[in-house]
Each structure stands twice: as structure tokens, then as C-alpha cells.
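> Handing you this structure, nothing more for now.
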Amino acid sequence: MAQDKLVVAGREFGSRLIIGTGKYKSYQENADALTASGADMVTVAVRRVNISNPKEPMLVDFIDPEKVTYLPNTAGCFTGEDAVRTLRLAREAGGWDLVKLEVLSDPKHLYPDMEETMRAAKLLIEDGFDVMVYCSDDPVFARKLEELGCAAIMPLGAPIGSGLGIQNPVNIRLIVEQSSVPVIVDAGVGTASDATVAMELGCDGVLMNTAIAEAKDPIQMAVAMKHAVIAGREAYLAGRMPRKKYADPSSPLAGLI
């Protein structure tokens with residue numbers, strides 16, 4: 001497993017778990033959860049997290065961007081223009097060009113606006129960004145995003161922050177089977193078994209925020225998620241036994257005493 005690394009846009013990551021930086025009680029709790037999770041990439045909502053104002057507590061004082069990969073995201077953006085502007089500002093602030101694009105539609109369900117997402121992805125890729133893209137669990141749009149040049153496809157498992165788990169495993173599996181770039185489930189994970197399901201479907205990674213940040217014990221949940229992702233990946237690589245309609249004894253019946 002030490003050699004089984006997640007590779008996105010030529011960058012290698014030892015963990016297949018990505019965690020967020022929102023909803024924690026403090027930046028210190030966020031940093032402690034990161035350490036417990038074993039993740040080496042954090043997604044950062046540029047419009048919500050302080051990464052540049054030294055007069056207030058800064059995330060970079062608790063999570064070192066020299067040791068952990070920051071993945072700026074466009075959480076809270078509802079138009080392609082807002083998303084592109086936000087990520088250009090992030091690049092100016094920290095030099096980050098590996099980014100997570102999300103363009104939302106309705107505040108009630110926070111599903112992605114796929115037309116705006118496609119438009120913004122094209123502009124960002126032309127501008128030299130490596131784009132990891134949050135998208136619906138639609139294999140058709142997933143293929144189009146890959147054809148545009150996105151570095152990773154990130155279909156939702158369920159609505160953002162819902163904790164409902166993987167609601168459409170059929171579509172997730174179809175996206176995995178057709179994709180030649182990493183597929184990372186983004187949104188909807190609620191507990192460790194959800195993360196394991198995503199990995200057993202063949203996903204290359206899982207991104208989560210609320211599942212850890214809003215757990216009763218975020219640090220312990222971060223540890224659970226670490227093991228869940230590893231277990232799911234190992235099970236996928238091992239290849240599960242076939243499902244059978246009837247019982248099949250573990251020991252042969254022939255030659256019994």
C-alpha cells in the first residue's frame with residue numbers, strides 16, 4: 001500500500017483522504033483532525049477561510065502550506081465568473097494552481113450548476129490551472145469534464161453536508177469505469193462506512209468536511225475515516241467474492257467422516 005499513491009496532475013499523495021477546513025470549532029481543532037486523518041491535502045474555501053489577513057487568526061499558522069497541499073475551492077460561488085475570479089485571487093495569494101472548482105445552483109440543495117461548471121472549467125484550464133471539479137453523479141457530464149482536461153472528477157455522493165452516504169452507487173461505478181483521471185467522491189459522506197463504500201466502488205479518493213467537523217469527537221472520527229478509506233481501497237484491490245443466490249459451504253461436503 002505504500003506504493004499505492006493517489007496521483008493528481010502529476011502530484012503524488014500518500015493518503016487518499018482529503019479533508020476540509022470549515023465548520024471546525026477552531027483552526028487548532030482542524031489541524032488536530034488533519035494530523036489524525038493522515039491526509040496530506042486540505043481543501044480551503046477561499047471566500048470563507050482567512051489565508052491572507054494577518055490581523056485575524058490565519059489557517060496557515062496552524063496548517064503549514066509547505067507541508068500540506070492546499071486545495072483552494074470556490075465554495076459559495078454561483079456563477080462561473082465568481083469561481084474564476086476567486087481562484088485567480090487564490091493563485092495570487094498563495095501561488096496555488098491545483099484547485100477545486102465548484103459552481104453551485106440552488107442554496108437549498110447545493111447541487112452543481114453543470115453548465116456554469118463546464119464554462120468555468122474551460123476558462124480555468126486555458127488559464128493554466130489544474131482543475132479538480134465537483135460535479136453531479138452524471139457519467140455524461142463526467143466524461144465531458146475529463147475531455148475538457150480536468151485533472152480529477154469529483155462526483156457528489158449526496159448533497160453537501162447531508163451525511164446521507166453514497167446515494168447512487170451505480171452512477172459512481174460508471175464514472176469510475178469510464179475515467180482515466182482520478183475519481184474522488186466529494187460531498188455526502190456521513191460516517192466511516194460511507195467512505196469505505198466509495199473506495200470499494202473503485203474511487204481513487206474521498207473528500208469530506210462535515211462528517212469529521214460535526215462529529216461529536218472530530219479527532220476520533222478523523223482516525224476512523226483514515227482507516228475506512230484504507231480498508232475500502234484494499235478491499236477494492238483485493239477483489240470481492242462474487243455474490244451468490246444461495247449458501248455455499250466453506251468446507252467441501254465430499255469425503256465427510
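Each chain in the C-alpha cells gets a letter, A, B and so on, in the order shown; residues start at 1 in every chain, and ligands are counted from 1 in the order they appear.
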Mind listing the helix (DSSP H, G or I) residues of segment 28-112 of chain A, per DSSP on the backbone, as a ChimeraX atom specification?
/A:28-37,59-61,80-94
> Would you output that residue set with C-alpha atoms, as a short mmCIF file (atom, residue, chain, number, x, y, z; two decimals), in the first residue's frame?

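The result, stored in selection_5.cif:
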data_model
loop_
_atom_site.label_atom_id
_atom_site.label_comp_id
_atom_site.auth_asym_id
_atom_site.auth_seq_id
_atom_site.Cartn_x
_atom_site.Cartn_y
_atom_site.Cartn_z
CA GLN A 28 -6.37 24.15 16.13
CA GLU A 29 -9.09 21.50 16.10
CA ASN A 30 -8.88 21.48 12.31
CA ALA A 31 -5.12 20.95 12.48
CA ASP A 32 -5.51 18.15 15.04
CA ALA A 33 -8.11 16.44 12.85
CA LEU A 34 -5.80 16.71 9.87
CA THR A 35 -2.98 15.02 11.77
CA ALA A 36 -5.31 12.27 12.99
CA SER A 37 -6.67 11.66 9.48
CA LEU A 59 -5.23 28.97 8.77
CA VAL A 60 -1.60 28.95 7.60
CA ASP A 61 -0.46 29.45 11.21
CA GLY A 80 -18.67 30.84 -13.48
CA GLU A 81 -17.30 34.40 -13.28
CA ASP A 82 -17.24 34.32 -9.47
CA ALA A 83 -15.49 30.96 -9.47
CA VAL A 84 -12.80 32.00 -11.94
CA ARG A 85 -12.19 35.29 -10.11
CA THR A 86 -11.93 33.52 -6.77
CA LEU A 87 -9.33 31.04 -7.97
CA ARG A 88 -7.28 33.71 -9.71
CA LEU A 89 -7.16 35.57 -6.39
CA ALA A 90 -6.11 32.36 -4.64
CA ARG A 91 -3.25 31.92 -7.10
CA GLU A 92 -2.10 35.47 -6.45
CA ALA A 93 -2.32 34.96 -2.68
CA GLY A 94 -0.55 31.61 -2.42
#
> Sort by chain and increasing residue number a table of all residues of segment 116-143 of chain A within 12 Å of segment 201-221 of chain A, each with its closest pair of atoms and their distance in Å to one decimal, counting only C-alpha atoms, and write it as a Markdown table.

| residue | atom | partner | partner_atom | distance |
| --- | --- | --- | --- | --- |
| A:Met132 | CA | A:Leu207 | CA | 11.4 |
| A:Val133 | CA | A:Leu207 | CA | 11.8 |
| A:Tyr134 | CA | A:Leu207 | CA | 10.4 |
> Taking only C-alpha atoms into account, name the residue in A:Gln178, A:Thr74, A:Thr117, A:Thr196 that is nearest to Tyr236 of chain A.
A:Thr196
> So that each row is one residue of segment 103-178 of chain A with an atom at most 7 Å from segment 7-24 of chain A, can you give its shortest atom pair and the distance in Å to one decimal, using only C-alpha atoms, rows by chain and rising number, as JSON lines?

{"residue": "A:Asp130", "atom": "CA", "partner": "A:Ala9", "partner_atom": "CA", "distance": 6.6}
{"residue": "A:Ala151", "atom": "CA", "partner": "A:Ala9", "partner_atom": "CA", "distance": 5.6}
{"residue": "A:Ala152", "atom": "CA", "partner": "A:Val8", "partner_atom": "CA", "distance": 6.8}
> So which residues of segment 63-140 of chain A fall under strand (DSSP E or B) by DSSP, listed as a ChimeraX atom specification?
/A:69-73,98-101,104,112,130-135
> Got a sec: who's within 10 Å of Gly157 of chain A, counting only C-alpha atoms, leaving out chain neighbours fewer than 4 positions off, as a list in words?
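After dropping sequence-adjacent residues, the list is Ser136, Asp137, Ser162, Gly163, Leu164, Gly165, Ile166, Gln167, Asn168, Pro169, Asn171, Ile172, Ile184, Val185, Asp186, Ala187, Gly188, Val189, Asp194, Ala195, Ala198 and Val206 of chain A.
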> For each of A:Ala142, A:Ala235, A:Ala224, A:Ile63, take the minimum atom-to-atom distance to Ser193 of chain A, counting only C-alpha atoms, then give the residue where this is smallest.
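The answer is A:Ala224, which sits nearest to Ser193 of chain A.
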> To one decimal place, how far is atom CA of Glu115 of chain A from atom CA of Trp96 of chain A in Å?
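Result for atom CA of Glu115 of chain A versus atom CA of Trp96 of chain A: 24.8 Å, one decimal.
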> Interatomic distance between atom CA of Pro72 of chain A and atom CA of Val103 of chain A?
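Taking atom CA of Pro72 of chain A and atom CA of Val103 of chain A, their separation equals 13.4 Å.
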> Which value, in Å to one decimal, gives the distance between atom CA of Gly38 of chain A and atom CA of Ala192 of chain A?
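Distance between the two atoms: 14.6 Å.
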